[in-house]
Amino acid sequence: MGSDSAVPMLEMRGITKRFPGVVANEDVDFTVLPGQVHTLLGENGAGKSTLVKILYGLYQPDEGSIAFDGVPVSIDSPSKAIQTGIGMIHQHFMLVDTLTVAENVALGLGKPLSLTKLAPIRRRIREVSEEFGLHVDPDAYVWQMAVGERQRAEIVKVLYRNVKLLVLDEPTAVLTPPEVADLFATLRQLTADGKGLVFISHKLNEVMEISDEITVLRDGRVSGRTTPAASRRESLAMMMVGRPVEFTRILAEQEPGPPKLEVAGLRVRGDRGELAVRDVDIDVRAGEIVGVVGVSGNGQRELAEAIVGLRAIESGEVCVNGCPVSSPTPKRARSMGLAYVPEERMKYGSIGDFTVAENLILVEYDQQPYARHGVLSLNSIETRGEQLIDDYSIRTPNTRTLTRKLSGGNIQKVVIAREFSGNAEMLLVAQPTRGVDIGAAEYIHEQLLAQRLQGKAILLISEDLDEVMALSDRMVVMYEGAVMGRVARADASVEQVGLLMSGVGEPEEASVASWADQVKRQ
Ligand SMILES: Nc1ncnc2c1ncn2[C@@H]1O[C@H](COP(=O)(O)OP(=O)(O)O)[C@@H](O)[C@H]1O
Ligand SMILES: [Mg+2]
């Protein structure tokens with residue numbers, strides 16, 4: 001922790017940045033002390049990335065000033081930023097896949113990639129890597145590295161330049177819980193070494209864990225400054241959203257009904273022909289939420305697509321209400337009572353060039369009362385649209401607005417309103433709150449619980465561990481296409497689930513008894 005007398009390493013004063021139609025930063029003051037993690041917290045679009053892009057010389061502010069180590073600076077390019085002592089780990093990685101780590105570092109330095117020139121670089125990468133516990137092999141090719149390793153390589157690349165201040169823009173978005181723990185250990189070593197860190201996140205638990213200071217942005221302005229000791233998740237959320245947010249989710253006690261959706265021994269191939277889903281068994285009963293957790297890319301998407309008939313099944317079975325669905329198609333799945341909120345809401349969930357009202361009836365458009373004898377009834381479409389916009393608090397100018405003009409969170413509400421308001425008995429919901437603001441996420445969570453109370457059988461697939469843990473009666477953890485473990489809500493711990501997510505443990509064999517049986521035996 002920096003003491004009060006410490007001279008700020010970074011002082012940004014009165015920063016304002018306008019883009020056409022939006023003030024991304026308005027009169028923002030932001031200070032970082034040496035040896036301190038200063039977090040920028042805020043919802044999507046709050047202006048966090050804009051502020052650090054100004055710091056890194058990618059944008060010029062319209063107003064305001066920056067001082068580094070007490071000296072006014074003008075940062076007009078990333079190379080000037082690095083020269084000043086400021087490095088940045090971007091939200092999207094910037095390494096060249098086909099090169100090794102050492103070659104990437106050399107490239108960044110403008111050095112030729114010859115073997116002799118690389119020798120000192122490789123040595124220093126090893127030193128830097130060791131000093132900060134980063135475990136980066138200078139000779140590893142970037143394309144061969146897992147996401148967490150790539151991020152560590154980026155950090156090495158930046159530290160190589162002897163920066164004093166390191167900016168990390170949403171570094172944990174792509175990491176598993178154990179990788180987050182490793183990253184935080186590295187960050188602590190960096191601050192112990194006197195470096196200043198700007199950490200960007202919208203995940204409150206992480207922010208509480210790693211920050212010394214927290215500055216909250218809302219709509220481009222500073223809406224609060226605090227420390228973890230002086231705040232709770234609720235107060236941080238209040239600063240982010242501007243109103244109270246409910247976190248504790250109480251799953252009403254409810255005896256689940258009969259199995260509605262059963263998946264047995266499912267094998268599904270991915271886009272490149274690889275076995276993406278390996279012998280997965282899952283069953284969901286009426287009135288319960290079963291959560292599927294895993295790091296992105298471990299078969300969850302293929303699993304969902306196979307269940308709703310968007311992807312061929314290699315072997316195994318999908319049963320609805322006890323009946324096998326012979327060759328599932330989206331239409332057949334729907335007619336058997338399965339509603340689907342897809343991960344890619346723009347691609348599969350909605351049609352951007354249709355109006356909000358049209359998207360709200362998209363799956364029932366050919367049925368009464370919206371269509372009679374092949375003619376659409378505009379009146380009933382409008383009425384239905386108005387009702388759902390109201391019920392689901394969809395922020396849209398009116399029913400006739402084109403859906404693509406809405407924010408991501410509101411498009412998601414359109415899809416959810418449509419899928420939840422029908423008479424489907426089963427819901428397959430994938431990444432319902434990805435890219436959605438806390439406020440909208442809270443609302444979507446309430447709706448999911450309401451659907452559970454109505455007795456629907458809900459399969460919830462999400463990368464957001466907090467979300468799944470808060471909402472699910474039981475959880476299935478997927479890793480490399482297989483089930484790594486099953487956990488009941490009551491005995492779930494983040495640590496245990498996190499380990500399963502990162503592949504620690506034994507994947508299930510093909511022939512395990514159905515889970516329903518296991519639960520009964522307990
Ligand atoms: N290059 C740009 N051109 C126009 N608008 C932008 C640009 N970059 C960001 N914005 C807008 O500025 C606001 C803040 O965005 P950003 O700084 O990316 O937020 P955050 O990182 O907090 O999610 C948003 O409304 C965004 O749409
Ligand atoms: Mg951002």
# chains A, B, ... in the order shown; residues from 1 in each chain; ligands from 1
>>> residues_around(residues="Val28 in chain A", least_positions_apart="4", cutoff="7 Å", atoms="only C-alpha atoms", output="PyMOL selection string")
chain A and resi 13-16+221-222
>>> write_last_selection(atoms="C-alpha atoms", output="PDB file, in the first residue's frame")
ATOM      1  CA  ARG A  13      -6.422  15.456 -14.314  1.00  0.00           C
ATOM      2  CA  GLY A  14      -9.689  16.628 -15.838  1.00  0.00           C
ATOM      3  CA  ILE A  15      -9.611  14.148 -18.701  1.00  0.00           C
ATOM      4  CA  THR A  16     -12.436  14.590 -21.194  1.00  0.00           C
ATOM      5  CA  ARG A 221     -17.695  10.215 -15.102  1.00  0.00           C
ATOM      6  CA  VAL A 222     -16.157   9.229 -11.806  1.00  0.00           C
TER       7      VAL A 222
END
>>> residues_near_ligand(ligand="ligand 2", cutoff="10 Å", atoms="only C-alpha atoms and all ligand atoms", output="PDB file with N, CA and C atoms, in the first residue's frame")
ATOM      1  N   GLY A  42     -16.256  -0.442 -13.691  1.00  0.00           N
ATOM      2  CA  GLY A  42     -17.411   0.168 -14.344  1.00  0.00           C
ATOM      3  C   GLY A  42     -18.043  -0.810 -15.303  1.00  0.00           C
ATOM      4  N   GLU A  43     -19.295  -0.552 -15.644  1.00  0.00           N
ATOM      5  CA  GLU A  43     -20.021  -1.418 -16.560  1.00  0.00           C
ATOM      6  C   GLU A  43     -19.479  -1.243 -17.973  1.00  0.00           C
ATOM      7  N   ASN A  44     -19.959  -2.101 -18.878  1.00  0.00           N
ATOM      8  CA  ASN A  44     -19.596  -1.939 -20.285  1.00  0.00           C
ATOM      9  C   ASN A  44     -19.957  -0.537 -20.740  1.00  0.00           C
ATOM     10  N   GLY A  45     -19.024   0.093 -21.429  1.00  0.00           N
ATOM     11  CA  GLY A  45     -19.320   1.421 -21.974  1.00  0.00           C
ATOM     12  C   GLY A  45     -19.125   2.554 -20.985  1.00  0.00           C
ATOM     13  N   ALA A  46     -18.632   2.255 -19.782  1.00  0.00           N
ATOM     14  CA  ALA A  46     -18.472   3.307 -18.767  1.00  0.00           C
ATOM     15  C   ALA A  46     -17.318   4.255 -19.095  1.00  0.00           C
ATOM     16  N   GLY A  47     -16.380   3.809 -19.940  1.00  0.00           N
ATOM     17  CA  GLY A  47     -15.270   4.678 -20.319  1.00  0.00           C
ATOM     18  C   GLY A  47     -13.908   4.230 -19.801  1.00  0.00           C
ATOM     19  N   LYS A  48     -13.824   2.994 -19.290  1.00  0.00           N
ATOM     20  CA  LYS A  48     -12.568   2.499 -18.720  1.00  0.00           C
ATOM     21  C   LYS A  48     -11.483   2.373 -19.787  1.00  0.00           C
ATOM     22  N   SER A  49     -11.809   1.662 -20.879  1.00  0.00           N
ATOM     23  CA  SER A  49     -10.796   1.463 -21.922  1.00  0.00           C
ATOM     24  C   SER A  49     -10.371   2.788 -22.532  1.00  0.00           C
ATOM     25  N   THR A  50     -11.317   3.687 -22.702  1.00  0.00           N
ATOM     26  CA  THR A  50     -10.978   4.981 -23.287  1.00  0.00           C
ATOM     27  C   THR A  50      -9.934   5.698 -22.427  1.00  0.00           C
ATOM     28  N   LEU A  51     -10.135   5.682 -21.119  1.00  0.00           N
ATOM     29  CA  LEU A  51      -9.203   6.387 -20.233  1.00  0.00           C
ATOM     30  C   LEU A  51      -7.786   5.810 -20.352  1.00  0.00           C
ATOM     31  N   VAL A  52      -7.681   4.474 -20.372  1.00  0.00           N
ATOM     32  CA  VAL A  52      -6.327   3.912 -20.434  1.00  0.00           C
ATOM     33  C   VAL A  52      -5.748   3.986 -21.844  1.00  0.00           C
ATOM     34  N   LYS A  53      -6.617   4.044 -22.848  1.00  0.00           N
ATOM     35  CA  LYS A  53      -6.076   4.243 -24.201  1.00  0.00           C
ATOM     36  C   LYS A  53      -5.497   5.645 -24.333  1.00  0.00           C
ATOM     37  N   HIS A  90      -3.380  -5.588 -23.336  1.00  0.00           N
ATOM     38  CA  HIS A  90      -4.669  -5.274 -23.950  1.00  0.00           C
ATOM     39  C   HIS A  90      -5.703  -6.347 -23.668  1.00  0.00           C
ATOM     40  N   GLN A  91      -6.956  -5.958 -23.868  1.00  0.00           N
ATOM     41  CA  GLN A  91      -8.071  -6.877 -23.710  1.00  0.00           C
ATOM     42  C   GLN A  91      -7.926  -8.015 -24.725  1.00  0.00           C
ATOM     43  N   ASP A 169      -6.133  -4.282 -19.016  1.00  0.00           N
ATOM     44  CA  ASP A 169      -7.532  -4.025 -19.362  1.00  0.00           C
ATOM     45  C   ASP A 169      -8.303  -5.340 -19.385  1.00  0.00           C
ATOM     46  N   GLU A 170      -9.099  -5.570 -18.377  1.00  0.00           N
ATOM     47  CA  GLU A 170      -9.901  -6.792 -18.220  1.00  0.00           C
ATOM     48  C   GLU A 170      -9.074  -8.065 -18.415  1.00  0.00           C
ATOM     49  N   ILE A 200      -8.290  -3.205 -14.659  1.00  0.00           N
ATOM     50  CA  ILE A 200      -9.660  -2.920 -15.104  1.00  0.00           C
ATOM     51  C   ILE A 200     -10.493  -4.178 -15.015  1.00  0.00           C
ATOM     52  N   SER A 201     -11.668  -4.045 -14.453  1.00  0.00           N
ATOM     53  CA  SER A 201     -12.548  -5.200 -14.328  1.00  0.00           C
ATOM     54  C   SER A 201     -13.967  -4.724 -14.060  1.00  0.00           C
ATOM     55  N   HIS A 202     -14.918  -5.609 -14.307  1.00  0.00           N
ATOM     56  CA  HIS A 202     -16.251  -5.312 -13.786  1.00  0.00           C
ATOM     57  C   HIS A 202     -16.692  -6.433 -12.849  1.00  0.00           C
TER      58      HIS A 202
END
>>> closest_residue(among="A:Gly242, A:Gly374, A:Gly455, A:Gly224", to="Leu41 in chain A", atoms="only C-alpha atoms")
A:Gly224
>>> residues_around(residues="range 413-420 of chain A", least_positions_apart="3", cutoff="6 Å", atoms="only C-alpha atoms", output="mmCIF file with N, CA and C atoms, in the first residue's frame")
data_model
loop_
_atom_site.group_PDB
_atom_site.id
_atom_site.type_symbol
_atom_site.label_atom_id
_atom_site.label_comp_id
_atom_site.auth_asym_id
_atom_site.auth_seq_id
_atom_site.Cartn_x
_atom_site.Cartn_y
_atom_site.Cartn_z
ATOM 1 N N ALA A 339 -37.347 -24.393 -25.327
ATOM 2 C CA ALA A 339 -37.010 -23.034 -25.778
ATOM 3 C C ALA A 339 -35.507 -22.838 -25.618
ATOM 4 N N LEU A 360 -39.896 -10.349 -31.141
ATOM 5 C CA LEU A 360 -40.554 -10.902 -29.956
ATOM 6 C C LEU A 360 -41.521 -12.029 -30.301
ATOM 7 N N ASN A 410 -30.203 -5.066 -24.036
ATOM 8 C CA ASN A 410 -31.618 -5.013 -24.396
ATOM 9 C C ASN A 410 -31.969 -6.012 -25.487
#
>>> closest_atom_pairs(of="range 237-296 of chain A", to="range 438-443 of chain A", cutoff="10 Å", atoms="only C-alpha atoms", output="Markdown table")
| residue | atom | partner | partner_atom | distance |
| --- | --- | --- | --- | --- |
| A:Ala237 | CA | A:Ile438 | CA | 7.7 |
| A:Met238 | CA | A:Gly439 | CA | 9.9 |
| A:Met240 | CA | A:Ile438 | CA | 8.4 |
| A:Val241 | CA | A:Gly439 | CA | 6.6 |
| A:Gly242 | CA | A:Gly439 | CA | 9.4 |
| A:Arg243 | CA | A:Gly439 | CA | 8.7 |
| A:Pro244 | CA | A:Gly439 | CA | 9.1 |
| A:Val245 | CA | A:Gly439 | CA | 7.0 |
| A:Glu246 | CA | A:Glu442 | CA | 7.1 |
| A:Phe247 | CA | A:Glu442 | CA | 7.8 |
| A:Arg249 | CA | A:Glu442 | CA | 9.8 |
>>> write_last_selection(atoms="C-alpha atoms", output="CSV table (one decimal), in the first residue's frame")
chain,number,residue,atom,x,y,z
A,237,ALA,CA,-22.5,-2.1,-7.6
A,238,MET,CA,-24.5,0.9,-6.4
A,240,MET,CA,-21.5,1.3,-11.0
A,241,VAL,CA,-25.2,1.1,-11.7
A,242,GLY,CA,-26.6,4.1,-9.8
A,243,ARG,CA,-29.1,2.1,-7.9
A,244,PRO,CA,-29.2,-0.8,-5.4
A,245,VAL,CA,-28.5,-4.2,-6.8
A,246,GLU,CA,-29.5,-7.5,-5.2
A,247,PHE,CA,-26.8,-10.2,-5.1
A,249,ARG,CA,-30.3,-15.2,-4.7
>>> residues_around(residues="Ala192 in chain A", least_positions_apart="3", cutoff="10 Å", atoms="only C-alpha atoms", output="ChimeraX atom specification")
/A:1,34-36,186-189,195-196
>>> closest_residue(among="A:Leu165, A:Val295, A:Glu314, A:Leu175", to="Gly265 in chain A", atoms="only C-alpha atoms")
A:Glu314
